[in-house]
Structures are given as structure tokens and as C-alpha cells.
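Peer 1: What follows is a single structure, and I will ask about it in a moment.
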Amino acid sequence: MSSRNQNRPPHSNSNKKVGAEEVVKDKRSSIEIEAEKLEKQGVAGRARAPLSAMVNNTTSDSDGTDLNNIEFTKEDIESLLNEKMKKGNPYNNKIKVDQMVDLIKRLKLCVRWCVHENEKLQSAVESAVKKSCDSEIEMKNKTEELNDTISDMRETISFLEEINAKEKSEKLVAIDDNLNLQQCNSSLQSDLKSANEAYRRLEMEKAIIVESLNDTRDLNKELQDRLKSLKDSQNESIKHKETLANELTCLREELKKIVDDRDRVQGRLNAVIEERENYIKFKYETYSKLDKLAIKTEALEETCSSQKAKITILEQKLRVEREKLEMADLSAVETRAMSEEHKRIIRELQDRLADKEIQVVEGEKLRKKLHNTVLELKGNIRVFCRVRPLLREDRFETNMVVSYPTSIDMLDRGIELVQNAGQKQLFTFDKVFSHEASQHDVFTEISQLVQSALDGYKVCIFAYGQTGSGKTYTMMGRPDAPDLKGMIPLSLEQIFQTSQSLKDQGWNFKMQASMLEIYNETIKDLLSSNRSSGFDQTRADNSVHGKQYTIRHDKNGNTHVLDLTIVDVSSPNEISSLLEKAAQIRSMGRTQMNEQSSRSHFVVTLRMCGINENTEQQVQGVLNLIDLAGSERLSKSGATGDRLKEAQAINQSLSSLSNVIFALAKKEEHIPFRDSKLTHLLQPCLEGDSKTLMFVNISPDQSSIDESLCSLRFAARVNAVKLGFHGVRPRHTQGAMSPALARTEKY
Ligand code: ADP
Ligand code: MG
């Protein structure tokens with residue numbers, strides 16, 4: 001078909017118009033031929049109108065007959081043409097004329113109808129020809145459009161082929177599509193060929209229509225059918241074309257998708273390539289790192305091996321330590337158990353201790369009561385007798401003038417003075433210490449009395465006896481030898497020890513010590529710092545120093561000696577040093593002043609003020625420890641002058657002491673305390689509820705027998721005295737209790 005079209009010359013519009021006119025002329029000529037044929041067949045011999053007039057006639061008859069409402073069949077025309085004149089009067093022309101006129105009219109009408117029909121056919125043919133021409137022109141245009149489309153499709157195919165060349169995988173598909181398109185093209189060409197054939201057949205039919213005017217209607221129908229079929233085929237072609245166009249669109253879309261896919265794949269490929277480059281880069285970096293790591297790993301492996309060795313050693317140590325720890329745990333458990341046991345024991349002991357402390361307090365309270373009771377039973381002034389052993393000076397004497405009865409009631413209480421005639425004179429005292437009694441034995445007996453001073457009593461202990469009987473030994477002893485310490489140092493030590501132990505119950509004691517001598521009724525301060533190292537009679541005189549050492553007693557029973565040195569002491573060492581100092585002064589005096597010390601009274605006073613910080617109770621006690629001057633009688637001493645004066649003073653003071661004691665015993669109104677310095681000084685300690693102990697020291701030698709007898713007689717008289725202040729409570733300040741009682745109260 002395409003080849004045929006390509007071979008035909010191109011049709012211009014002018015050529016098309018010329019072609020159409022030629023076709024009309026051909027058709028008109030063919031109708032005229034048909035009309036001539038009809039004239040020959042049906043109206044032969046009859047006058048007929050010129051063809052031009054017939055042709056130019058309108059649908060309306062000249063006489064007004066409507067031809068559209070008239071229908072002549074072929075038989076009608078033939079019957080009309082074959083109609084013969086009716087038989088009648090052959091001479092009646094008029095009838096014949098009428099018949100002829102009628103026939104002519106009918107013939108004319110038939111002719112006009114035929115002409116009209118002919119004109120209608122001609123117009124129909126012309127319109128059909130025209131339509132055919134239009135269809136042909138349209139077909140040609142469509143064919144050209146199809147050719148253009150085909151050329152476009154070819155271009156597209158070539159474009160697709162180029163794309164397919166790039167994409168081999170897609171090319172095959174595109175080639176298939178191309179083949180399909182070619183097949184479509186070939187089918188279209190075949191359709192075109194069939195259309196051309198139909199066209200030729202139409203031309204042939206057109207010729208047949210021209211030739212057979214009688215079958216114009218059939219031909220016309222046929223032509224219409226053909227035209228319809230042509231239109232159908234054309235529509236099919238159009239539809240096919242549209243289908244192809246749709247397929248093309250689909251193909252383009254697919255192609256676009258393929259291109260998009262390709263771009264996407266390309267993008268992915270680029271990404272993969274970039275990733276691969278990064279991976280390669282990373283791989284090289286990793287290799288370098290791996291190298292470094294390998295080096296490090298080697299180093300670490302070396303370290304690890306060394307560490308493993310260390311770990312092994314440490315594990316061994318750890319095992320050992322664990323074993324030790326287990327042992328320690330076991331021992332700790334045992335220790336814990338022991339600790340618990342110890343705690344339990346400690347608790348029990350603490351409970352027992354608490355019970356014991358309560359018992360101690362109760363015991364102390366009981367002791368206090370019993371002590372007071374005993375003292376009161378014994379009397380507030382008691383007498384202990386002590387016999388010194390024979391000395392080297394007594395070496396010519398082998399027999400002692402004293403003996404000690406062994407009867408039960410007299411054991412340690414009785415002493416017998418054996419006179420020249422062998423007569424024994426018995427004396428009983430509260431206690432008799434034989435010449436074998438040690439300092440400790442003696443102190444044991446007076447310790448409770450000393451203790452009373454801490455309980456708030458005024459205690460006075462003095463030693464009476466002739467010179468050389470052992471007063472100083474008993475009271476002072478030999479401080480340098482611990483076992484030979486006398487009652488003064490032992491009592492002061494005990495006071496300090498007991499005051500220290502009472503601190504646990506809240507007691508705080510303040511101690512004050514003073515030491516003086518009474519010589520010739522004159523008080524001498526042994527602790528004065530103004531005292532010179534030398535000791536002479538003149539300088540020792542109070543008038544020289546301007547100090548009178550006046551004795552005063554306040555309403556509370558406290559004694560004050562004006563100007564007397566009072567030293568605060570807080571330890572036994574301090575009191576020892578003070579004693580040492582005083583004794584040194586006395587000893588100096590002794591050597592320089594020819595045994596002057598024996599003719600003076602040595603008075604050590606310790607005042608103690610106790611305050612209980614828990615109960616705010618106060619106690620004030622005084623302990624007087626006195627080493628009296630020798631009591632030998634004036635006749636024996638044989639003194640004159642100063643010695644006589646000394647002896648008289650001594651005798652006066654001792655006499656006044658005995659007078660005071662006996663006056664107290666008789667409860668006289670006037671007690672001559674002021675007769676001597678000694679009694680005046682000791683007044684508070686002799687009256688009231690004070691406790692007084694007198695040692696009567698005895699020399700066992702024969703030469704001292706008279707003085708011993710006097711001393712024993714005097715002591716026996718004193719011992720017989722009961723000062724008689726039983727039941728009087730200690731003089732405490734403002735309801736104060738003794739520490740012992742206070743302890744009891746605490747519980
Ligand atoms: P007094 O002070 O009474 O004058 P002393 O105390 O000075 O007497 O004693 C005279 C001597 O007797 C001293 O040498 C002393 O050592 C000694 N003496 C006294 N009593 C005893 C005794 N109980 N044991 C040993 N010696 C004693
Ligand atoms: Mg002496």
C-alpha cells in the first residue's frame with residue numbers, strides 16, 4: 001500500500017477539486033444515457049421535452065401536481081405505455097381525443113415523474129460520489145497522517161534502538177517492541193491495501209451504478225454499505241491507530257520508567273562505587289591499624305605473660321593469705337566467743353562489783369557507826385601506852401622494869417611496872433604496845449581515829465612521856481626509812497590516800513598544814529620562810545619578829561593562830577617535805593640548843609575541808625599531832641636558870657593539860673584552857689565531840705623507873721576520864737555529813 005502511495009503523484013487540493021468535477025460530469029453523462037435508454041424503452045414515438053428542459057424541471061408540475069405524492073412502478077409505466085385506445089365509435093373523434101388527452105396527461109405525468117426520479121437519483125449519485133470523494137480525500141489524509149505517524153514511529157524506533165544499544169538488556173525488549181510495531185505497520189499497510197482494493201471495487205461499482213440506472217437503489221445501498229464498511233474499517237483503523245498511539249504512550253511510559261530505573265540503578269551504582277572507595281580507604285586504614293594493633297598485641301602479650309607469672313605468684317600468696325585469713329577467722333570466732341565470755345564475766349564482775357560497792361558503802365556506814373560506838377564506849381580520850389626497847393645507852397641494864405600481863409582481859413591492855421622490891425604495879429590502858437611493837441602495829445590502832453578527821457571530827461593525838469622515852473620516835477619516827485615512819489607521816493599519808501579515794505564519790509578535800517613549836521609558852525612557826533638558817537633564842541623570840549601568834553577560836557570551833565604560816569598541801573610528798581623542813585629546824589635546835597627540842601611541844605596541824613560536788617555537802621576536820629616536851633619532873637632534871645625556867649614552863653603546860661582534862665571529866669563550868677598555850681591551842685580538840693588519843697611513852701630502863709611510874713599514873717588517871725560527850729554528833733557545817741555517811745546516803 002505504502003509503495004503504491006509512494007508511486008502515485010501527490011494530490012493537491014486543486015487536483016482534488018478537478019477530480020470531483022470530472023466525476024460529476026461522468027455521472028451526468030451516464031444519467032443522460034440512462035434516460036435515453038428509458039425513452040427508447042417506454043416513450044418511443046412520443047414527443048418528448050428536450051432533455052435540458054426535463055433536467056431543469058422542478059419537483060412541482062406546471063399544473064400544480066405534487067410529484068412527491070405519486071409513485072409509478074415499472075408495471076405501471078409499462079401498462080401505461082402499452083395502453084391502447086378503447087373501442088367505440090371509430091368516428092367519434094371527440095372521445096378519441098379525450099382518451100388521447102388523458103393518456104397524454106398520464107404519460108406526461110409519468111414522464112415528469114421519471115424525470116423527477118432521475119433527477120433525484122442523479123442528485124443521490126452525485127451526493128454519493130461526493131461522499132465517496134470526500135471519503136477518499138479523508139482516507140488519503142488519514143493515510144498521510146498514518147504515514148506521518150509511521151515516520152514518527154520510525155524515528156521513535158530509531159531513538160529506541162539507540163537507547164537499546166546502550167542498554168543491552170533492555171534492547172531486546174525494545175527490539176521486540178519494534179518488531180511488534182513493524183507488524184502493526186505491515187497490518188496497517190495490508191489494511192490500506194484492502195482499502196485501496198475496496199476503493200477500486202467502489203469505482204467498479206460506481207461504474208456499474210452508472211451503467212445500471214435501474215438498479216440505482218440497490219447500487220446506492222450497496223454503495224452505502226460499502227461506504228459503511230469503509231467507515232467501519234476506517235474507524236477500526238482509527239481505533240487501531242489510537243490503540244497503537246496508546247501502546248506508544250505506554251511504551252514511552254515504560255521507557256521513561258526504564259530510564260528512571262536506569263538512573264536509579266546508576267545512582268545506586270554510584271553510591272556503591274563511592275561506598276566501595278570508602279571501604280577501600282577504610283580497609284587500608286584498618287590494615288595500618290591492624291599492624292599497629294599487632295605490635296601492641298605483641299607487647300601486651302609479653303606484658304600479659306609477665307602479669308600471668310605475677311598473678312600466679314599473687315594467687316599463691318593469696319591462697320596462703322586466705323588460709324591465714326581462715327585461720328584468723330577461726331581464731332577471731334574463738335576470740336569473739338572468748339570476748340563474749342569475757343564480757344559476760346565482766347558484766348558479772350561489774351554486777352558483783354556494784355554489789356560489793358554497795359556492801360562496802362554499807363560496811364563503811366557500819367564501820368563508821370561501830371567506830372563511833374567504839375570510840376564513845378572507850379571514851380573520847382583514850383590512852384595508848386608504848387614501851388620503847390632498851391637502847392645501847394641502856395646496855396648496862398639487862399632487865400626491863402616493865403612486864404606485860406598475859407591474862408586474857410589484860411592482853412595488850414595491861415602493863416606492869418616492876419619496882420625494886422619486885423613489886424609489880426599494874427596499869428591498864430586502851431592499848432599497850434610492848435617494846436617489840438612496830439610503827440605499823442601502832443598506826444593500825446590509830447588509823448581509824450585518823451580517819452575520823454576526814455569524817456569531820458577534830459582529832460588530837462599527842463605523845464606524853466619523859467625525855468628519851470620514844471615520843472619523837474613514835475610521832476615522827478625516821479622518815480627516811482619507810483618501815484620506821486612515825487604516826488605523823490603515816491597519818492598524813494593515810495589522810496591523802498583516803499581523800500583521793502573519796503574523789504570517786506565526788507569529794508574534794510582542801511588540805512592546809514601548819515607546824516609550830518611551843519617553847520617556854522611561846523609559839524614558834526616552823527614553816528615560816530623568814531626563819532633564818534640559824535636558830536638562836538633571841539631571834540626566835542616572837543617580839544623580835546613582831547609576831548605574837550595569837551590564838552583565836554571562832555564560833556565554829558576553828559582555831560586560828562595569827563601570823564602562823566599555813567601551807568596548802570595536795571600530796572603526801574609536799575607534807576613530807578614540810579615535815580622534813582620542820583624536823584630539820586628542830587634537829588638543828590636540838591644540836592645547837594642542847595636538847596632544846598625535848599623541852600618544846602611540837603604541834604603539827606592538818607586542817608581538811610571537804611566538799612562533795614554531787615551533794616554540795618561540806619565537812620571540816622582537824623588533825624593535831626603533837627610531840628610534847630619531856631614530862632620529867634623538875635627535881636630530876638636538876639635544872640637551874642634557863643633550864644629551870646624551861647622546866648617550869650613545861651610542867652605548867654603539862655599540868656594545865658591535865659587540869660583541863662580533869663576539869664572536862666568533872667564537867668566543871670570553868671575549864672582552864674587558857675592556863676597554857678598548849679591547852680589554849682588544843683581547846684577545840686579537847687572539848688565537845690573531839691577525839692583525843694594520848695600516847696604515854698615509857699622507858700624500860702631502871703633509871704627511868706620513877707618517871708615511868710609518874711607517867712603511868714598520870715596516864716592512868718587520864719585513861720580513867722571519860723570526857724562524857726557521848727551521842728554528840730560531829731560538828732559539821734550546816735548539816736554536813738561525814739564522807740562515810742555521805743557515801744552511805746548516796747546509796
Ligand atoms: P623522846 O622524844 O621521848 O625524848 P626519842 O624518841 O628521842 O625520845 O627516843 C630516844 C631514843 O630511843 C632514840 O634514839 C630512839 O631512836 C629510841 N627509841 C625510842 N622508841 C623506840 C622504839 N620503839 N624502838 C626503837 N628505838 C626507839
Ligand atoms: Mg622527842
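The chains in the C-alpha cells are called A, B, ... from first to last as shown; in each chain the residues are counted from 1, and the ligands are counted from 1 in the order shown.
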Taking only C-alpha atoms and all ligand atoms into account, list the residues no farther than 7 Å from ligand 2, as a ChimeraX atom specification.
Peer 2: /A:467-468,470-472,597-598,627,629
Peer 1: Just the residues within 8 Å of region 498-515 of chain A, please, counting only C-alpha atoms, with nothing from its chain fewer than 5 positions along; format it as a PyMOL selection string.
Peer 2: chain A and resi 454+525-527+564-570+575+582+602-614+739+743
Peer 1: Write out as a JSON list (two decimals) with N, CA and C atoms, in the first residue's frame each polymer residue (protein, DNA or RNA) that has an atom no more than 9 Å from ligand 1, with only C-alpha atoms and all ligand atoms counted.
Peer 2:
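New file pocket_36.json:
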[["chain", "number", "residue", "atom", "x", "y", "z"],
["A", 386, "ARG", "N", 53.08, 2.95, 175.19],
["A", 386, "ARG", "CA", 54.09, 2.32, 174.32],
["A", 386, "ARG", "C", 55.41, 2.29, 175.08],
["A", 387, "VAL", "N", 56.00, 1.14, 175.08],
["A", 387, "VAL", "CA", 57.28, 0.95, 175.76],
["A", 387, "VAL", "C", 58.35, 0.85, 174.68],
["A", 388, "ARG", "N", 59.34, 1.71, 174.83],
["A", 388, "ARG", "CA", 60.43, 1.60, 173.85],
["A", 388, "ARG", "C", 61.35, 0.48, 174.26],
["A", 389, "PRO", "N", 62.07, -0.08, 173.31],
["A", 389, "PRO", "CA", 63.03, -1.13, 173.69],
["A", 389, "PRO", "C", 64.24, -0.52, 174.41],
["A", 390, "LEU", "N", 65.01, -1.40, 174.97],
["A", 390, "LEU", "CA", 66.24, -0.93, 175.59],
["A", 390, "LEU", "C", 67.21, -0.46, 174.51],
["A", 391, "LEU", "N", 67.87, 0.61, 174.79],
["A", 391, "LEU", "CA", 68.78, 1.18, 173.81],
["A", 391, "LEU", "C", 70.21, 0.80, 174.13],
["A", 392, "ARG", "N", 71.13, 1.22, 173.28],
["A", 392, "ARG", "CA", 72.53, 0.93, 173.51],
["A", 392, "ARG", "C", 72.99, 1.62, 174.78],
["A", 393, "GLU", "N", 72.38, 2.80, 174.99],
["A", 393, "GLU", "CA", 72.77, 3.54, 176.17],
["A", 393, "GLU", "C", 72.38, 2.77, 177.43],
["A", 433, "PHE", "N", 51.42, -1.14, 173.83],
["A", 433, "PHE", "CA", 52.34, -1.64, 172.81],
["A", 433, "PHE", "C", 53.65, -1.98, 173.51],
["A", 434, "SER", "N", 54.05, -3.22, 173.36],
["A", 434, "SER", "CA", 55.29, -3.62, 174.01],
["A", 434, "SER", "C", 56.47, -3.04, 173.24],
["A", 435, "HIS", "N", 57.60, -3.26, 173.77],
["A", 435, "HIS", "CA", 58.81, -2.74, 173.14],
["A", 435, "HIS", "C", 59.05, -3.38, 171.77],
["A", 436, "GLU", "N", 58.34, -4.49, 171.49],
["A", 436, "GLU", "CA", 58.53, -5.16, 170.21],
["A", 436, "GLU", "C", 57.55, -4.65, 169.14],
["A", 437, "ALA", "N", 56.64, -3.84, 169.55],
["A", 437, "ALA", "CA", 55.64, -3.38, 168.58],
["A", 437, "ALA", "C", 56.29, -2.46, 167.54],
["A", 438, "SER", "N", 55.94, -2.68, 166.35],
["A", 438, "SER", "CA", 56.49, -1.86, 165.25],
["A", 438, "SER", "C", 55.64, -0.60, 165.08],
["A", 439, "GLN", "N", 56.18, 0.31, 164.25],
["A", 439, "GLN", "CA", 55.41, 1.53, 163.94],
["A", 439, "GLN", "C", 54.08, 1.16, 163.27],
["A", 463, "ALA", "N", 51.86, 12.72, 172.22],
["A", 463, "ALA", "CA", 52.72, 11.75, 172.92],
["A", 463, "ALA", "C", 53.24, 12.41, 174.21],
["A", 464, "TYR", "N", 53.07, 11.70, 175.26],
["A", 464, "TYR", "CA", 53.46, 12.20, 176.58],
["A", 464, "TYR", "C", 54.50, 11.25, 177.15],
["A", 465, "GLY", "N", 55.45, 11.78, 177.84],
["A", 465, "GLY", "CA", 56.46, 10.93, 178.46],
["A", 465, "GLY", "C", 57.74, 11.71, 178.73],
["A", 466, "GLN", "N", 58.56, 11.14, 179.49],
["A", 466, "GLN", "CA", 59.82, 11.80, 179.81],
["A", 466, "GLN", "C", 60.73, 11.83, 178.59],
["A", 467, "THR", "N", 61.69, 12.66, 178.66],
["A", 467, "THR", "CA", 62.63, 12.75, 177.56],
["A", 467, "THR", "C", 63.34, 11.42, 177.36],
["A", 468, "GLY", "N", 63.43, 11.00, 176.13],
["A", 468, "GLY", "CA", 64.11, 9.75, 175.79],
["A", 468, "GLY", "C", 63.22, 8.54, 175.86],
["A", 469, "SER", "N", 61.92, 8.73, 176.13],
["A", 469, "SER", "CA", 61.02, 7.58, 176.23],
["A", 469, "SER", "C", 60.50, 7.12, 174.86],
["A", 470, "GLY", "N", 60.73, 7.91, 173.85],
["A", 470, "GLY", "CA", 60.33, 7.49, 172.49],
["A", 470, "GLY", "C", 59.16, 8.26, 171.92],
["A", 471, "LYS", "N", 58.90, 9.48, 172.46],
["A", 471, "LYS", "CA", 57.78, 10.29, 171.92],
["A", 471, "LYS", "C", 58.04, 10.67, 170.46],
["A", 472, "THR", "N", 59.22, 11.23, 170.23],
["A", 472, "THR", "CA", 59.53, 11.67, 168.88],
["A", 472, "THR", "C", 59.62, 10.48, 167.92],
["A", 473, "TYR", "N", 60.16, 9.41, 168.46],
["A", 473, "TYR", "CA", 60.23, 8.19, 167.62],
["A", 473, "TYR", "C", 58.82, 7.75, 167.22],
["A", 474, "THR", "N", 57.92, 7.77, 168.23],
["A", 474, "THR", "CA", 56.56, 7.34, 167.92],
["A", 474, "THR", "C", 55.86, 8.31, 166.96],
["A", 475, "MET", "N", 56.01, 9.61, 167.22],
["A", 475, "MET", "CA", 55.25, 10.56, 166.39],
["A", 475, "MET", "C", 55.91, 10.80, 165.04],
["A", 476, "MET", "N", 57.18, 10.98, 165.02],
["A", 476, "MET", "CA", 57.85, 11.28, 163.75],
["A", 476, "MET", "C", 58.54, 10.04, 163.16],
["A", 477, "GLY", "N", 59.14, 9.26, 164.07],
["A", 477, "GLY", "CA", 59.87, 8.10, 163.56],
["A", 477, "GLY", "C", 61.07, 8.54, 162.76],
["A", 478, "ARG", "N", 61.43, 7.71, 161.84],
["A", 478, "ARG", "CA", 62.54, 8.06, 160.95],
["A", 478, "ARG", "C", 61.99, 8.11, 159.53],
["A", 484, "LEU", "N", 59.98, 2.74, 159.39],
["A", 484, "LEU", "CA", 60.16, 3.41, 160.68],
["A", 484, "LEU", "C", 59.44, 4.76, 160.74],
["A", 595, "GLU", "N", 69.58, 19.91, 173.31],
["A", 595, "GLU", "CA", 68.35, 19.15, 173.51],
["A", 595, "GLU", "C", 67.16, 20.05, 173.82],
["A", 597, "SER", "N", 64.88, 20.85, 171.86],
["A", 597, "SER", "CA", 63.65, 20.36, 171.24],
["A", 597, "SER", "C", 62.87, 19.48, 172.21],
["A", 598, "SER", "N", 63.56, 18.81, 173.12],
["A", 598, "SER", "CA", 62.85, 17.95, 174.06],
["A", 598, "SER", "C", 62.05, 18.76, 175.06],
["A", 599, "ARG", "N", 62.37, 20.02, 175.11],
["A", 599, "ARG", "CA", 61.68, 20.87, 176.07],
["A", 599, "ARG", "C", 60.68, 21.80, 175.40],
["A", 627, "ASP", "N", 53.98, 16.29, 169.50],
["A", 627, "ASP", "CA", 55.10, 15.66, 170.21],
["A", 627, "ASP", "C", 55.42, 16.59, 171.41],
["A", 628, "LEU", "N", 54.92, 16.13, 172.56],
["A", 628, "LEU", "CA", 55.06, 17.00, 173.73],
["A", 628, "LEU", "C", 56.53, 17.04, 174.23],
["A", 629, "ALA", "N", 56.75, 18.06, 174.98],
["A", 629, "ALA", "CA", 58.08, 18.15, 175.63],
["A", 629, "ALA", "C", 58.20, 17.10, 176.74],
["A", 630, "GLY", "N", 59.41, 16.85, 177.15],
["A", 630, "GLY", "CA", 59.64, 15.82, 178.15],
["A", 630, "GLY", "C", 58.92, 16.16, 179.47],
["A", 631, "SER", "N", 58.31, 15.12, 180.02],
["A", 631, "SER", "CA", 57.48, 15.35, 181.19],
["A", 631, "SER", "C", 58.25, 15.12, 182.50],
["A", 697, "ASN", "N", 54.57, 7.28, 176.57],
["A", 697, "ASN", "CA", 55.78, 6.55, 176.21],
["A", 697, "ASN", "C", 56.58, 6.25, 177.49],
["A", 698, "ILE", "N", 57.02, 5.03, 177.54],
["A", 698, "ILE", "CA", 57.71, 4.56, 178.74],
["A", 698, "ILE", "C", 59.12, 4.08, 178.38],
["A", 699, "SER", "N", 60.07, 4.50, 179.19],
["A", 699, "SER", "CA", 61.44, 3.98, 179.05],
["A", 699, "SER", "C", 61.56, 2.77, 179.95]]
Peer 1: Any chance you could list, as a ChimeraX atom specification, the residues in region 286-402 of chain A that come up alpha helix (DSSP H) when DSSP is run on the backbone?
Peer 2: /A:286-378
Peer 1: Quick one, how far is CA of Gly456 (chain A) from CA of Ser571 (chain A)?
Peer 2: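 Computing the Euclidean distance for CA of Gly456 (chain A) and CA of Ser571 (chain A) yields 19.5 Å.
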Peer 1: Could you write out, as a list in words, all the residues of region 260-397 of chain A that DSSP marks as strand (DSSP E or B)?
Peer 2: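 Here is the list: Ile381, Arg382, Val383, Phe384, Cys385, Arg386 and Val387 of chain A.
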Peer 1: Keeping only C-alpha atoms, write those residues as a PDB file, in the first residue's frame.
Peer 2:
ATOM      1  CA  ILE A 381      40.037  10.460 175.237  1.00  0.00           C
ATOM      2  CA  ARG A 382      41.956   7.326 175.017  1.00  0.00           C
ATOM      3  CA  VAL A 383      45.369   6.356 176.211  1.00  0.00           C
ATOM      4  CA  PHE A 384      47.802   4.072 174.482  1.00  0.00           C
ATOM      5  CA  CYS A 385      50.931   3.029 176.269  1.00  0.00           C
ATOM      6  CA  ARG A 386      54.087   2.318 174.322  1.00  0.00           C
ATOM      7  CA  VAL A 387      57.279   0.951 175.761  1.00  0.00           C
TER       8      VAL A 387
END
Peer 1: Per residue of region 85-180 of chain A within 10 Å of region 221-240 of chain A, record the nearest atom pair and its distance in Å to one decimal, counting only C-alpha atoms, with rows in chain order and ascending residue number, as a tab-separated table.
Peer 2:
residue	atom	partner	partner_atom	distance
A:Val125	CA	A:Leu223	CA	9.7
A:Ala128	CA	A:Leu223	CA	7.8
A:Val129	CA	A:Leu223	CA	9.5
A:Lys131	CA	A:Leu227	CA	8.8
A:Ser132	CA	A:Leu227	CA	7.5
A:Ser135	CA	A:Leu227	CA	8.2
A:Glu136	CA	A:Leu230	CA	9.9
A:Glu138	CA	A:Gln234	CA	9.7
A:Met139	CA	A:Gln234	CA	7.8
A:Lys142	CA	A:Ile238	CA	8.6
A:Thr143	CA	A:Ser237	CA	9.9
A:Leu146	CA	A:Ile238	CA	9.3
Peer 1: Taking all heavy atoms for each residue, export the selection above as an mmCIF file, in the first residue's frame.
Peer 2:
data_model
loop_
_atom_site.group_PDB
_atom_site.id
_atom_site.type_symbol
_atom_site.label_atom_id
_atom_site.label_comp_id
_atom_site.auth_asym_id
_atom_site.auth_seq_id
_atom_site.Cartn_x
_atom_site.Cartn_y
_atom_site.Cartn_z
ATOM 1 N N VAL A 125 -26.751 10.125 -6.590
ATOM 2 C CA VAL A 125 -25.452 9.619 -7.049
ATOM 3 C C VAL A 125 -24.360 10.657 -6.820
ATOM 4 O O VAL A 125 -23.241 10.350 -6.405
ATOM 5 C CB VAL A 125 -25.578 9.211 -8.531
ATOM 6 C CG1 VAL A 125 -24.207 8.994 -9.153
ATOM 7 C CG2 VAL A 125 -26.414 7.961 -8.673
ATOM 8 N N ALA A 128 -23.558 10.738 -3.385
ATOM 9 C CA ALA A 128 -22.755 9.548 -3.045
ATOM 10 C C ALA A 128 -21.356 9.665 -3.574
ATOM 11 O O ALA A 128 -20.371 9.320 -2.884
ATOM 12 C CB ALA A 128 -23.435 8.290 -3.612
ATOM 13 N N VAL A 129 -21.318 10.193 -4.880
ATOM 14 C CA VAL A 129 -19.959 10.366 -5.440
ATOM 15 C C VAL A 129 -19.175 11.358 -4.604
ATOM 16 O O VAL A 129 -17.976 11.173 -4.322
ATOM 17 C CB VAL A 129 -20.095 10.819 -6.912
ATOM 18 C CG1 VAL A 129 -18.756 11.289 -7.436
ATOM 19 C CG2 VAL A 129 -20.605 9.694 -7.754
ATOM 20 N N LYS A 131 -19.690 12.131 -1.529
ATOM 21 C CA LYS A 131 -19.290 11.500 -0.273
ATOM 22 C C LYS A 131 -18.109 10.579 -0.478
ATOM 23 O O LYS A 131 -17.184 10.524 0.333
ATOM 24 C CB LYS A 131 -20.448 10.700 0.345
ATOM 25 C CG LYS A 131 -21.461 11.576 1.019
ATOM 26 C CD LYS A 131 -22.568 10.719 1.647
ATOM 27 C CE LYS A 131 -23.618 11.587 2.322
ATOM 28 N NZ LYS A 131 -24.732 10.776 2.844
ATOM 29 N N SER A 132 -18.173 9.814 -1.574
ATOM 30 C CA SER A 132 -17.065 8.909 -1.847
ATOM 31 C C SER A 132 -15.768 9.663 -2.015
ATOM 32 O O SER A 132 -14.720 9.263 -1.510
ATOM 33 C CB SER A 132 -17.406 8.081 -3.090
ATOM 34 O OG SER A 132 -16.329 7.263 -3.422
ATOM 35 N N SER A 135 -14.760 10.825 1.220
ATOM 36 C CA SER A 135 -14.165 9.694 1.955
ATOM 37 C C SER A 135 -12.783 9.378 1.452
ATOM 38 O O SER A 135 -11.853 9.106 2.228
ATOM 39 C CB SER A 135 -15.056 8.438 1.809
ATOM 40 O OG SER A 135 -16.304 8.668 2.373
ATOM 41 N N GLU A 136 -12.678 9.447 0.096
ATOM 42 C CA GLU A 136 -11.350 9.155 -0.451
ATOM 43 C C GLU A 136 -10.317 10.170 0.016
ATOM 44 O O GLU A 136 -9.200 9.817 0.413
ATOM 45 C CB GLU A 136 -11.469 9.148 -1.973
ATOM 46 C CG GLU A 136 -10.223 8.601 -2.637
ATOM 47 C CD GLU A 136 -10.365 8.601 -4.180
ATOM 48 O OE1 GLU A 136 -11.469 8.968 -4.668
ATOM 49 O OE2 GLU A 136 -9.388 8.264 -4.851
ATOM 50 N N GLU A 138 -10.559 12.012 2.597
ATOM 51 C CA GLU A 138 -10.307 11.793 4.034
ATOM 52 C C GLU A 138 -9.391 10.599 4.248
ATOM 53 O O GLU A 138 -8.497 10.628 5.086
ATOM 54 C CB GLU A 138 -11.649 11.559 4.749
ATOM 55 C CG GLU A 138 -11.514 11.718 6.256
ATOM 56 C CD GLU A 138 -12.862 11.612 6.955
ATOM 57 O OE1 GLU A 138 -13.926 11.588 6.242
ATOM 58 O OE2 GLU A 138 -12.883 11.563 8.208
ATOM 59 N N MET A 139 -9.668 9.545 3.432
ATOM 60 C CA MET A 139 -8.807 8.370 3.522
ATOM 61 C C MET A 139 -7.372 8.728 3.193
ATOM 62 O O MET A 139 -6.417 8.267 3.822
ATOM 63 C CB MET A 139 -9.309 7.285 2.572
ATOM 64 C CG MET A 139 -10.535 6.551 3.043
ATOM 65 S SD MET A 139 -10.181 5.465 4.413
ATOM 66 C CE MET A 139 -9.270 4.223 3.549
ATOM 67 N N LYS A 142 -6.020 10.578 6.041
ATOM 68 C CA LYS A 142 -5.719 9.632 7.119
ATOM 69 C C LYS A 142 -4.477 8.842 6.810
ATOM 70 O O LYS A 142 -3.622 8.571 7.685
ATOM 71 C CB LYS A 142 -6.889 8.657 7.348
ATOM 72 C CG LYS A 142 -8.136 9.327 7.814
ATOM 73 C CD LYS A 142 -8.028 9.760 9.267
ATOM 74 C CE LYS A 142 -9.325 10.407 9.733
ATOM 75 N NZ LYS A 142 -9.179 10.993 11.067
ATOM 76 N N THR A 143 -4.402 8.420 5.509
ATOM 77 C CA THR A 143 -3.229 7.654 5.105
ATOM 78 C C THR A 143 -1.963 8.473 5.304
ATOM 79 O O THR A 143 -0.941 7.977 5.813
ATOM 80 C CB THR A 143 -3.364 7.232 3.638
ATOM 81 O OG1 THR A 143 -4.592 6.564 3.491
ATOM 82 C CG2 THR A 143 -2.205 6.328 3.223
ATOM 83 N N LEU A 146 -1.320 8.672 8.854
ATOM 84 C CA LEU A 146 -0.716 7.403 9.285
ATOM 85 C C LEU A 146 0.735 7.312 8.866
ATOM 86 O O LEU A 146 1.597 6.827 9.614
ATOM 87 C CB LEU A 146 -1.503 6.214 8.721
ATOM 88 C CG LEU A 146 -2.814 5.901 9.435
ATOM 89 C CD1 LEU A 146 -3.599 4.865 8.628
ATOM 90 C CD2 LEU A 146 -2.529 5.339 10.823
#
Peer 1: Pick from A:Asp329, A:Asp675, A:Glu632, A:Asp455: nearest to Leu709 (chain A), with only C-alpha atoms counted?
Peer 2: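 With only C-alpha atoms as the atom set, the closest residue is A:Glu632.
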Peer 1: Between A:Glu334, A:Glu247, A:Asp134, A:Asp430, single out the one closest to Ile446 (chain A), counting only C-alpha atoms.
Peer 2: A:Asp430
Peer 1: Looking at A:Val459, A:Asp152, A:Thr444, A:Asn399, which one is nearest to Gln702 (chain A), with distances taken over only C-alpha atoms?
Peer 2: A:Asn399
Peer 1: Check the smallest atom-to-atom distance from each of A:Arg217, A:His560, A:Arg413, A:Arg633 to Ala124 (chain A) using only C-alpha atoms, then report the winner.
Peer 2: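 Comparing A:Arg217, A:His560, A:Arg413, A:Arg633 against Ala124 (chain A), the winner is A:Arg217.
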